[in-house]
Number of protein chains: 2
Amino acid sequence: MKIAVLGGDGYCGWATALYLSKKGHTVAIVDNFIRRQWDHELGAQTLTPIRPLSDRLRVWKDLTGRTIESFVGDVTDYEFLAATMKEFEPEAIVHFAEQRSAPYSMIDRKHAVGTQVNNVVGTLNVLFAIREINPNCHLVKLGTMGEYGTPNIDIEEGYIEIEHNGRKDVLPFPKQPGSFYHLSKVHDSHNMMFACKIWKQRATDLNQGVVYGTVTDETSIDEALINRFDYDEVFGTVLNRFCIQAAVGHPLTVYGKGGQTRGFLDIRDTVRCVEIACLQPANPGECRVFNQFTEQFSVLELAQMVQEGSKKLGLNAQIDHLPDPRVEAESHYYNAKHSKLVDLGLRPHLLSNSLLDSLVNIAVEYRDRVDHSLFLPQVNWRNSTNDRRRPVGAAAGATVS
Amino acid sequence: MKIAVLGGDGYCGWATALYLSKKGHTVAIVDNFIRRQWDHELGAQTLTPIRPLSDRLRVWKDLTGRTIESFVGDVTDYEFLAATMKEFEPEAIVHFAEQRSAPYSMIDRKHAVGTQVNNVVGTLNVLFAIREINPNCHLVKLGTMGEYGTPNIDIEEGYIEIEHNGRKDVLPFPKQPGSFYHLSKVHDSHNMMFACKIWKQRATDLNQGVVYGTVTDETSIDEALINRFDYDEVFGTVLNRFCIQAAVGHPLTVYGKGGQTRGFLDIRDTVRCVEIACLQPANPGECRVFNQFTEQFSVLELAQMVQEGSKKLGLNAQIDHLPDPRVEAESHYYNAKHSKLVDLGLRPHLLSNSLLDSLVNIAVEYRDRVDHSLFLPQVNWRNSTNDRRRPVGAAAGATVS
């Protein structure tokens with residue numbers, strides 16, 4: 001089928017675009033490269049040397065014979081988005097084109113406002129473009145498990161039946177997001193449910209857990225297709241960061257007690273979940289929600305697994321408990337349902353020692369590119385302004401233990 | 001106390017500013033007059049001839065000796081907002097400065113995006129300004145009962161205890177807002193709860209019902225202090241519109257069956273609720289929610305009351321059932337709690353025949369200003385683009401029955 005991947009130059013987006021292309025779908029990537037610009041703003045670079053999109057797509061074409069079109073522009077620019085939809089005529093839009101880092105959104109007011117405006121306006125534009133150009137197009141939108149927060153009850157997939165004073169209804173699951181970024185996804189979810197109701201649109205909201213891994217079958221074909229592998233405190237996800245810390249002999253940075261429990265998944269499952277959602281679309285008027293993760297772990301459990309696994313590789317990883325820069329429960333009940341994607345055919349890649357080994361080995365391969373000063377949290381939720389500027393060369397030495 | 005009223009030149013804001021000033025508080029109005037500009041955009045004017053803010057404040061000073069300061073600017077402009085807070089040093093901020101019309105937000109994409117960006121960015125700016133300039137300042141924010149939608153269970157005040165699979169938690173009440181405007185208020189509510197959590201701010205979210213009436217003790221002192229009385233399909237609230245329709249012999253425009261049930265309150269209670277919230281502020285870290293209405297009615301019940309009441313004034317009001325331009329249940333369960341403000345001292349003005357008489361009489365007084373073409377709905381929720389432009393003079397005749 002014809003699938004547009006918005007944000008297809010990013011971490012999950014790139015892996016997804018290649019996977020869908022390999023599976024025979026006609027894929028277009030829509031991206032404005034702002035994710036690469038944020039790296040420059042933060043003074044951080046992915047561990048792996050990613051190529052420009054034009055190179056990536058040329059190599060993909062050379063090696064596989066498959067063409068992925070690219071449309072360069074910003075989904076918050078409606079005229080661009082509408083023109084793209086008219087030209088490409090997608091049957092499904094996979095929407096990754098959002099600012100996706102919680103710490104980035106918590107830097108200061110401008111980053112909070114920028115994140116919410118970017119994400120909310122982009123998604124509104126997508127909803128209107130579908131309504132105006134092809135109402136039958138299925139929106140597959142990346143949400144986050146972080147929309148739910150950590151309630152003291154089981155987390156359902158999007159909706160919950162509530163019995164109250166002798167009456168019942170099925171209502172949207174209450175949301176308690178933990179950053180201005182997570183809030184933006186909650187805003188999106190409400191906007192999507194409403195658009196499905198009034199315009200009979202089809203939408204799937206993928207409430208994704210924390211993604212780990214970097215290699216997929218497609219990105220590993222050639223080094224020119226290599227995916228991002230972020231390890232900095234702003235865009236690096238926790239398990240990826242731990243593996244890189246272990247590889248370079250930096251203590252694993254656990255925030256607080258480490259009892260924060262979340263849903264996790266391998267990036268190889270991200271790409272499969274997206275295809276499953278595309279191939280079995282929501283009905284007109286339906287805004288369905290899938291909790292897209294495969295296993296729950298606490299942050300400390302992950303640190304201990306990385307510590308244990310890296311021993312075999314001759315590495316001796318320490319665990320540091322830093323004061324938690326976030327405002328969150330450091331130990332809490334957590335039980336989130338995640339059966340709908342499995343029911344539709346997902347066979348999860350569970351977290352394994354071999355996956356951890358491979359991540360640590362990639363990190364060892366590129367260890368010369370690691371800037372140790374990027375590991376430590378510099379964005380504190382309790383501040384309304386966080387200054388991330390560092391004197392050139394000053395911080396790196398200070399953070400190596 | 002020192003109270004800043006953001007949006008103090010608008011319908012509820014103006015009445016509130018005068019009431020608080022009369023009660024001895026030191027009041028500042030912060031406004032950018034965009035509400036007056038929307039009237040020009042829509043080709044609609046309030047029934048009552050409102051004066052420029054500078055005139056209003058001069059007359060208020062002349063007649064009462066009380067000064068209300070004004071700060072002219074946009075709360076989405078952070079530098080302006082911060083400078084205003086530093087100069088005025090409010091102990092409470094009453095935040096009415098939002099686009100408040102559901103139909104306006106549903107005109108087209110630009111109005112939807114404009115409403116959400118304006119409202120979300122304005123409220124984020126207020127939250128950051130409080131955090132950065134005076135963390136003890138209490139935010140009294142106008143939300144709406146429309147955030148809840150019409151669930152099939154009783155509506156609580158902001159939060160609900162949910163028992164699920166043998167566990168319990170008190171969680172934000174699930175939201176099912178019915179327009180891009182109502183969605184913007186839901187976004188605000190989530191942002192506020194989060195700011196209270198991470199920064200220990202004090203906030204009260206007033207989920208206000210549909211306001212009716214125009215006269216308060218203060219606005220009636222002099223015609224120069226007269227308040228807005230909107231009757232157009234975009235900014236006119238339903239009961240006010242019915243009274244004006246009855247006064248000029250236009251059928252009362254009920255959408256669909258008229259079984260849509262909502263919470264309503266007299267504008268004289270709006271101003272008292274706001275003062276109650278200011279005088280008994282939320283605790284640090286608390287985001288409390290009050291459902292601010294006094295009675296529930298269905299739209300058809302209101303139409304019948306206006307029809308009945310206007311008979312005594314020699315008017316023979318007809319009721320027209322128009323196709324509902326909104327996507328909403330035309331009959332449904334509705335039972336919303338509203339005891340918290342009463343517990344804090346509110347003595348409601350219940351809807352009475354004398355109030356209806358007074359509204360109809362004001363409408364009769366200004367009947368020459370009524371443009372009949374503004375009564376009929378021109379914004380349909382099912383369309384993503386509604387063209388409200390009319391040929392000059394073309395529509396008025398067509399809509400008088």
# chains A, B, ... in the order shown; residues from 1 in each chain; ligands from 1

call {"tool": "calpha_fit_and_write", "arguments": {"fixed": "chain A", "moving": "chain B", "output": "compact mmCIF listing (two decimals) with C-alpha atoms, in the first residue's frame"}}
result
# COMPACT_ATOMS: atom_id res chain seq x y z
CA MET B 1 0.00 0.00 0.01
CA LYS B 2 1.01 3.65 -0.32
CA ILE B 3 2.30 4.88 3.02
CA ALA B 4 3.65 8.31 3.91
CA VAL B 5 6.04 8.30 6.86
CA LEU B 6 6.08 11.76 8.45
CA GLY B 7 9.34 12.20 10.35
CA GLY B 8 10.90 9.39 8.30
CA ASP B 9 14.44 10.70 8.77
CA GLY B 10 14.29 10.19 12.57
CA TYR B 11 15.09 7.25 14.84
CA CYS B 12 11.87 5.23 14.62
CA GLY B 13 10.79 6.83 11.35
CA TRP B 14 13.85 5.78 9.37
CA ALA B 15 13.69 2.17 10.53
CA THR B 16 9.96 2.12 9.76
CA ALA B 17 10.32 3.60 6.28
CA LEU B 18 12.94 1.01 5.28
CA TYR B 19 10.94 -1.88 6.75
CA LEU B 20 7.76 -0.86 4.94
CA SER B 21 9.70 -0.38 1.69
CA LYS B 22 11.30 -3.81 2.03
CA LYS B 23 7.88 -5.36 2.58
CA GLY B 24 6.80 -4.04 -0.80
CA HIS B 25 4.89 -0.94 0.18
CA THR B 26 5.26 2.30 -1.76
CA VAL B 27 6.81 4.64 0.79
CA ALA B 28 7.39 8.38 0.95
CA ILE B 29 9.35 10.11 3.67
CA VAL B 30 8.18 13.56 4.76
CA ASP B 31 10.70 15.39 6.91
CA ASN B 32 12.17 18.84 7.52
CA PHE B 33 15.36 17.63 9.28
CA ILE B 34 14.65 19.62 12.42
CA ARG B 35 15.73 16.60 14.46
CA ARG B 36 19.25 17.01 13.03
CA GLN B 37 19.10 20.70 13.89
CA TRP B 38 18.23 19.93 17.51
CA ASP B 39 21.44 17.87 17.70
CA HIS B 40 23.37 20.97 16.73
CA GLU B 41 21.45 23.09 19.22
CA LEU B 42 22.24 20.64 22.03
CA GLY B 43 25.85 20.07 20.97
CA ALA B 44 25.08 16.35 20.76
CA GLN B 45 25.44 13.87 17.94
CA THR B 46 24.10 10.35 17.54
CA LEU B 47 26.73 7.73 18.40
CA THR B 48 26.39 6.28 14.93
CA PRO B 49 27.40 8.45 11.97
CA ILE B 50 24.13 8.84 10.11
CA ARG B 51 24.17 9.99 6.50
CA PRO B 52 22.08 12.74 4.90
CA LEU B 53 18.65 11.51 3.79
CA SER B 54 19.50 11.92 0.11
CA ASP B 55 22.50 9.57 0.51
CA ARG B 56 20.46 7.10 2.56
CA LEU B 57 17.75 6.90 -0.09
CA ARG B 58 20.23 6.62 -2.98
CA VAL B 59 22.03 3.70 -1.31
CA TRP B 60 18.70 2.03 -0.46
CA LYS B 61 17.72 2.29 -4.12
CA ASP B 62 21.12 1.00 -5.31
CA LEU B 63 21.08 -1.99 -2.97
CA THR B 64 17.43 -3.03 -3.13
CA GLY B 65 16.07 -1.47 -6.28
CA ARG B 66 13.34 0.14 -4.22
CA THR B 67 12.53 3.82 -4.41
CA ILE B 68 11.51 5.83 -1.36
CA GLU B 69 10.32 9.27 -2.36
CA SER B 70 11.14 12.21 -0.15
CA PHE B 71 9.17 15.39 0.47
CA VAL B 72 11.15 18.01 2.35
CA GLY B 73 9.07 20.33 4.49
CA ASP B 74 7.29 20.97 7.75
CA VAL B 75 3.92 19.44 8.60
CA THR B 76 3.04 22.59 10.53
CA ASP B 77 3.06 24.26 7.07
CA TYR B 78 -0.39 23.25 5.80
CA GLU B 79 0.17 24.25 2.20
CA PHE B 80 3.23 21.99 2.04
CA LEU B 81 1.42 19.12 3.74
CA ALA B 82 -1.64 19.40 1.51
CA ALA B 83 0.47 19.54 -1.65
CA THR B 84 2.40 16.46 -0.50
CA MET B 85 -0.80 14.52 0.16
CA LYS B 86 -2.23 15.50 -3.21
CA GLU B 87 0.90 14.39 -5.03
CA PHE B 88 1.64 11.17 -3.15
CA GLU B 89 -1.96 10.10 -2.40
CA PRO B 90 -1.18 7.93 0.65
CA GLU B 91 -3.59 5.24 1.86
CA ALA B 92 -2.01 5.51 5.30
CA ILE B 93 -0.08 8.28 7.02
CA VAL B 94 2.34 7.22 9.74
CA HIS B 95 2.94 10.29 11.85
CA PHE B 96 6.28 10.39 13.71
CA ALA B 97 6.88 14.08 12.90
CA GLU B 98 6.85 15.45 16.43
CA GLN B 99 9.31 16.73 19.00
CA ARG B 100 9.65 13.56 21.06
CA SER B 101 11.94 14.35 23.98
CA ALA B 102 10.58 15.04 27.46
CA PRO B 103 13.74 16.80 28.68
CA TYR B 104 13.87 18.95 25.53
CA SER B 105 10.35 20.19 26.30
CA MET B 106 11.38 20.98 29.89
CA ILE B 107 14.43 23.15 29.07
CA ASP B 108 12.50 26.40 29.38
CA ARG B 109 9.34 28.20 28.32
CA LYS B 110 10.33 28.51 24.69
CA HIS B 111 11.00 24.79 24.41
CA ALA B 112 7.75 23.94 26.19
CA VAL B 113 5.68 26.23 24.00
CA GLY B 114 7.63 25.18 20.89
CA THR B 115 7.03 21.50 21.58
CA GLN B 116 3.31 21.88 22.19
CA VAL B 117 2.71 24.19 19.24
CA ASN B 118 4.78 22.05 16.88
CA ASN B 119 3.12 18.80 17.88
CA VAL B 120 -0.46 20.03 18.24
CA VAL B 121 -0.45 22.11 15.04
CA GLY B 122 1.25 19.35 13.05
CA THR B 123 -1.36 16.80 14.10
CA LEU B 124 -4.26 19.21 13.55
CA ASN B 125 -2.90 19.86 10.06
CA VAL B 126 -2.72 16.13 9.36
CA LEU B 127 -6.32 15.68 10.54
CA PHE B 128 -7.55 18.55 8.36
CA ALA B 129 -5.51 17.39 5.36
CA ILE B 130 -7.05 13.92 5.59
CA ARG B 131 -10.53 15.41 5.91
CA GLU B 132 -10.06 17.77 2.99
CA ILE B 133 -8.03 15.63 0.60
CA ASN B 134 -8.72 11.96 1.29
CA PRO B 135 -11.12 11.21 4.16
CA ASN B 136 -10.53 7.49 3.76
CA CYS B 137 -6.80 7.74 4.49
CA HIS B 138 -5.89 5.98 7.73
CA LEU B 139 -3.87 7.95 10.27
CA VAL B 140 -1.38 5.91 12.29
CA LYS B 141 -0.17 8.32 14.93
CA LEU B 142 2.62 7.81 17.42
CA GLY B 143 1.45 8.53 20.93
CA THR B 144 3.26 7.43 24.08
CA MET B 145 2.65 5.24 27.10
CA GLY B 146 3.76 8.31 29.05
CA GLU B 147 0.33 9.82 28.42
CA TYR B 148 -1.09 7.62 31.18
CA GLY B 149 1.46 8.43 33.86
CA THR B 150 1.55 5.92 36.71
CA PRO B 151 -1.98 5.51 38.09
CA ASN B 152 -2.60 3.12 40.94
CA ILE B 153 -4.91 1.01 38.75
CA ASP B 154 -4.28 -1.17 35.70
CA ILE B 155 -3.75 0.84 32.51
CA GLU B 156 -6.10 -0.17 29.69
CA GLU B 157 -5.61 0.46 25.98
CA GLY B 158 -7.00 3.95 25.54
CA TYR B 159 -10.43 3.50 27.09
CA ILE B 160 -11.80 2.21 30.38
CA GLU B 161 -15.27 1.13 31.49
CA ILE B 162 -16.16 3.11 34.59
CA GLU B 163 -19.00 2.23 36.92
CA HIS B 164 -19.99 5.17 39.07
CA ASN B 165 -23.04 5.69 41.28
CA GLY B 166 -24.81 2.78 39.64
CA ARG B 167 -24.24 3.84 36.02
CA LYS B 168 -21.63 2.75 33.46
CA ASP B 169 -19.80 4.21 30.50
CA VAL B 170 -16.68 3.48 28.46
CA LEU B 171 -14.58 6.66 28.58
CA PRO B 172 -11.11 7.78 27.55
CA PHE B 173 -8.57 6.51 30.08
CA PRO B 174 -7.60 9.44 32.39
CA LYS B 175 -4.26 10.95 31.50
CA GLN B 176 -1.49 12.14 33.86
CA PRO B 177 1.43 12.96 31.55
CA GLY B 178 4.77 13.84 33.08
CA SER B 179 6.30 16.56 30.86
CA PHE B 180 5.25 19.28 28.46
CA TYR B 181 6.16 16.83 25.68
CA HIS B 182 3.97 14.06 27.08
CA LEU B 183 1.21 16.64 27.52
CA SER B 184 1.45 17.50 23.81
CA LYS B 185 0.69 13.86 23.00
CA VAL B 186 -2.34 13.94 25.30
CA HIS B 187 -3.55 17.05 23.48
CA ASP B 188 -3.08 15.23 20.16
CA SER B 189 -5.01 12.20 21.41
CA HIS B 190 -8.01 14.32 22.38
CA ASN B 191 -7.91 16.16 19.05
CA MET B 192 -7.77 12.87 17.14
CA MET B 193 -10.71 11.32 19.02
CA PHE B 194 -12.76 14.39 18.22
CA ALA B 195 -11.85 14.39 14.49
CA CYS B 196 -12.83 10.72 14.24
CA LYS B 197 -16.14 11.53 15.88
CA ILE B 198 -17.16 14.53 13.77
CA TRP B 199 -15.61 13.56 10.43
CA LYS B 200 -15.73 9.73 10.62
CA GLN B 201 -12.00 9.51 10.14
CA ARG B 202 -9.95 6.35 10.70
CA ALA B 203 -7.16 6.65 13.24
CA THR B 204 -4.89 4.43 15.28
CA ASP B 205 -3.09 5.99 18.23
CA LEU B 206 0.00 3.91 19.01
CA ASN B 207 0.86 4.58 22.64
CA GLN B 208 4.43 3.50 22.32
CA GLY B 209 6.69 2.53 25.21
CA VAL B 210 10.38 3.38 25.48
CA VAL B 211 12.18 2.10 22.38
CA TYR B 212 15.58 0.41 22.56
CA GLY B 213 17.93 -0.99 19.94
CA THR B 214 19.16 0.58 16.76
CA VAL B 215 19.67 -2.23 14.24
CA THR B 216 16.95 -3.67 12.07
CA ASP B 217 17.32 -6.13 9.17
CA GLU B 218 17.14 -3.21 6.77
CA THR B 219 19.44 -0.67 8.43
CA SER B 220 22.15 -3.32 8.77
CA ILE B 221 22.46 -3.96 5.03
CA ASP B 222 25.01 -1.19 4.63
CA GLU B 223 26.69 1.35 6.90
CA ALA B 224 25.15 4.12 4.80
CA LEU B 225 21.76 2.97 6.11
CA ILE B 226 22.79 3.07 9.77
CA ASN B 227 20.19 4.37 12.19
CA ARG B 228 20.45 6.91 14.98
CA PHE B 229 21.76 5.72 18.35
CA ASP B 230 21.24 8.61 20.76
CA TYR B 231 22.80 8.51 24.21
CA ASP B 232 22.59 12.10 25.42
CA GLU B 233 20.37 13.00 28.37
CA VAL B 234 17.89 14.78 26.15
CA PHE B 235 17.19 12.43 23.23
CA GLY B 236 18.84 9.18 24.39
CA THR B 237 16.35 6.59 25.64
CA VAL B 238 17.32 4.90 28.87
CA LEU B 239 18.40 1.41 27.82
CA ASN B 240 20.39 2.66 24.84
CA ARG B 241 22.14 5.14 27.11
CA PHE B 242 23.00 2.45 29.66
CA CYS B 243 24.56 0.24 26.98
CA ILE B 244 26.75 3.06 25.76
CA GLN B 245 27.72 4.03 29.30
CA ALA B 246 28.74 0.44 29.97
CA ALA B 247 30.81 0.35 26.77
CA VAL B 248 32.83 3.43 27.67
CA GLY B 249 33.19 2.78 31.39
CA HIS B 250 30.81 5.48 32.56
CA PRO B 251 28.52 4.66 35.50
CA LEU B 252 24.95 3.84 34.48
CA THR B 253 22.92 6.93 35.37
CA VAL B 254 19.84 5.78 37.27
CA TYR B 255 17.58 8.65 38.35
CA GLY B 256 16.63 8.31 42.02
CA LYS B 257 15.78 4.84 43.30
CA GLY B 258 15.18 3.52 39.79
CA GLY B 259 11.82 2.04 40.67
CA GLN B 260 10.26 3.97 37.79
CA THR B 261 8.57 1.21 35.77
CA ARG B 262 7.73 1.66 32.11
CA GLY B 263 6.80 -0.36 29.03
CA PHE B 264 9.66 -1.08 26.62
CA LEU B 265 10.04 -2.48 23.12
CA ASP B 266 12.71 -3.33 20.57
CA ILE B 267 12.83 -1.03 17.55
CA ARG B 268 12.32 -4.15 15.42
CA ASP B 269 8.88 -4.39 16.99
CA THR B 270 8.14 -0.70 16.43
CA VAL B 271 8.38 -1.21 12.68
CA ARG B 272 6.22 -4.34 12.76
CA CYS B 273 3.55 -2.73 14.92
CA VAL B 274 3.27 0.13 12.47
CA GLU B 275 2.81 -2.24 9.53
CA ILE B 276 0.22 -4.26 11.47
CA ALA B 277 -1.74 -1.07 12.15
CA CYS B 278 -1.55 -0.03 8.49
CA LEU B 279 -2.63 -3.40 7.08
CA GLN B 280 -5.59 -3.73 9.46
CA PRO B 281 -6.88 -0.16 9.57
CA ALA B 282 -9.32 1.38 11.98
CA ASN B 283 -12.93 1.65 10.82
CA PRO B 284 -14.37 4.98 9.69
CA GLY B 285 -15.15 6.99 12.82
CA GLU B 286 -12.95 4.81 15.00
CA CYS B 287 -10.04 6.19 17.02
CA ARG B 288 -8.51 3.00 18.36
CA VAL B 289 -5.63 2.96 20.80
CA PHE B 290 -2.93 0.29 21.02
CA ASN B 291 -0.43 0.18 23.86
CA GLN B 292 2.70 -0.50 21.84
CA PHE B 293 5.26 -2.17 24.08
CA THR B 294 6.21 -5.74 24.83
CA GLU B 295 7.62 -5.87 28.38
CA GLN B 296 7.67 -3.83 31.57
CA PHE B 297 10.88 -3.12 33.46
CA SER B 298 11.96 -0.75 36.17
CA VAL B 299 14.90 1.48 35.35
CA LEU B 300 16.99 -0.22 38.03
CA GLU B 301 16.18 -3.65 36.60
CA LEU B 302 17.45 -2.48 33.22
CA ALA B 303 20.63 -1.11 34.75
CA GLN B 304 21.24 -4.42 36.51
CA MET B 305 20.67 -6.37 33.30
CA VAL B 306 23.16 -4.18 31.45
CA GLN B 307 25.63 -4.52 34.32
CA GLU B 308 25.28 -8.29 34.32
CA GLY B 309 25.39 -8.64 30.54
CA SER B 310 28.41 -6.44 30.10
CA LYS B 311 30.46 -8.53 32.52
CA LYS B 312 30.71 -11.25 29.85
CA LEU B 313 32.20 -8.66 27.54
CA GLY B 314 34.87 -7.87 30.14
CA LEU B 315 33.24 -4.61 31.19
CA ASN B 316 32.68 -3.63 34.80
CA ALA B 317 29.69 -1.28 34.82
CA GLN B 318 28.89 0.67 37.97
CA ILE B 319 25.43 2.00 38.78
CA ASP B 320 25.09 5.60 39.99
CA HIS B 321 21.87 6.78 41.61
CA LEU B 322 21.58 10.47 40.72
CA PRO B 323 18.99 12.80 42.23
CA ASP B 324 15.96 12.43 39.95
CA PRO B 325 15.81 15.52 37.70
CA ARG B 326 12.19 14.68 36.91
CA VAL B 327 9.15 15.00 39.14
CA GLU B 328 7.87 11.43 39.18
CA ALA B 329 7.18 8.58 41.56
CA GLU B 330 10.38 6.60 42.14
CA SER B 331 8.41 3.51 43.08
CA HIS B 332 4.80 2.82 42.19
CA TYR B 333 2.28 0.29 40.95
CA TYR B 334 2.40 -0.30 37.20
CA ASN B 335 0.44 -2.78 35.15
CA ALA B 336 -0.35 -1.75 31.58
CA LYS B 337 -2.31 -3.88 29.14
CA HIS B 338 -0.76 -4.54 25.75
CA SER B 339 -2.61 -7.35 24.03
CA LYS B 340 -4.24 -5.68 21.04
CA LEU B 341 -1.19 -5.68 18.77
CA VAL B 342 -0.39 -9.27 19.76
CA ASP B 343 -3.97 -10.20 18.86
CA LEU B 344 -3.36 -8.67 15.41
CA GLY B 345 -0.21 -10.74 14.88
CA LEU B 346 2.75 -9.15 16.66
CA ARG B 347 5.38 -11.69 17.77
CA PRO B 348 7.56 -9.70 20.16
CA HIS B 349 11.35 -9.62 20.25
CA LEU B 350 11.80 -9.85 24.00
CA LEU B 351 14.81 -8.20 25.60
CA SER B 352 17.68 -10.68 25.46
CA ASN B 353 21.32 -10.90 26.42
CA SER B 354 22.27 -11.13 22.76
CA LEU B 355 20.50 -7.84 22.03
CA LEU B 356 22.27 -6.20 24.95
CA ASP B 357 25.59 -7.63 23.72
CA SER B 358 24.98 -6.25 20.25
CA LEU B 359 24.13 -2.79 21.58
CA VAL B 360 27.21 -2.70 23.79
CA ASN B 361 29.34 -3.93 20.89
CA ILE B 362 28.08 -1.18 18.59
CA ALA B 363 28.85 1.29 21.35
CA VAL B 364 32.37 -0.11 21.67
CA GLU B 365 32.83 0.21 17.89
CA TYR B 366 31.96 3.92 17.94
CA ARG B 367 33.32 4.76 21.42
CA ASP B 368 35.59 7.46 20.03
CA ARG B 369 32.49 9.47 19.18
CA VAL B 370 31.14 9.45 22.75
CA ASP B 371 31.05 12.77 24.61
CA HIS B 372 30.81 11.80 28.28
CA SER B 373 29.47 15.19 29.26
CA LEU B 374 26.22 14.40 27.47
CA PHE B 375 25.29 11.59 29.85
CA LEU B 376 24.41 13.64 32.91
CA PRO B 377 21.00 15.27 33.28
CA GLN B 378 21.08 19.03 32.86
CA VAL B 379 17.35 19.63 32.64
CA ASN B 380 15.57 19.71 35.98
CA TRP B 381 11.76 19.58 35.97
CA ARG B 382 11.66 21.79 39.09
CA ASN B 383 13.28 24.70 37.25
CA SER B 384 11.39 26.74 34.71
CA THR B 385 14.65 27.68 32.98
CA ASN B 386 17.55 25.29 32.50
CA ASP B 387 20.75 26.62 30.97
CA ARG B 388 22.31 23.83 28.93
CA ARG B 389 25.11 25.97 27.47
CA ARG B 390 28.51 24.71 28.60
CA PRO B 391 31.90 26.33 28.18
CA VAL B 392 33.65 24.56 25.31
CA GLY B 393 35.59 21.54 26.60
CA ALA B 394 34.78 22.32 30.22
CA ALA B 395 32.25 19.69 31.08
CA ALA B 396 33.61 16.51 29.54
CA GLY B 397 36.34 15.98 32.09
CA ALA B 398 34.12 16.73 35.03
CA THR B 399 31.69 13.93 34.32
CA VAL B 400 34.05 10.99 33.77
CA SER B 401 34.26 9.07 36.98

call {"tool": "select_by_dssp", "arguments": {"residues": "range 108-354 of chain B", "states": "strand (DSSP E)", "output": "ChimeraX atom specification"}}
result
/B:138-144,159-164,167-172,202-208,210-212,252-255,261-266,287-292,295-298,319-322

call {"tool": "select_by_dssp", "arguments": {"residues": "range 270-331 of chain A", "states": "alpha helix (DSSP H)", "output": "ChimeraX atom specification"}}
result
/A:270-279,299-311
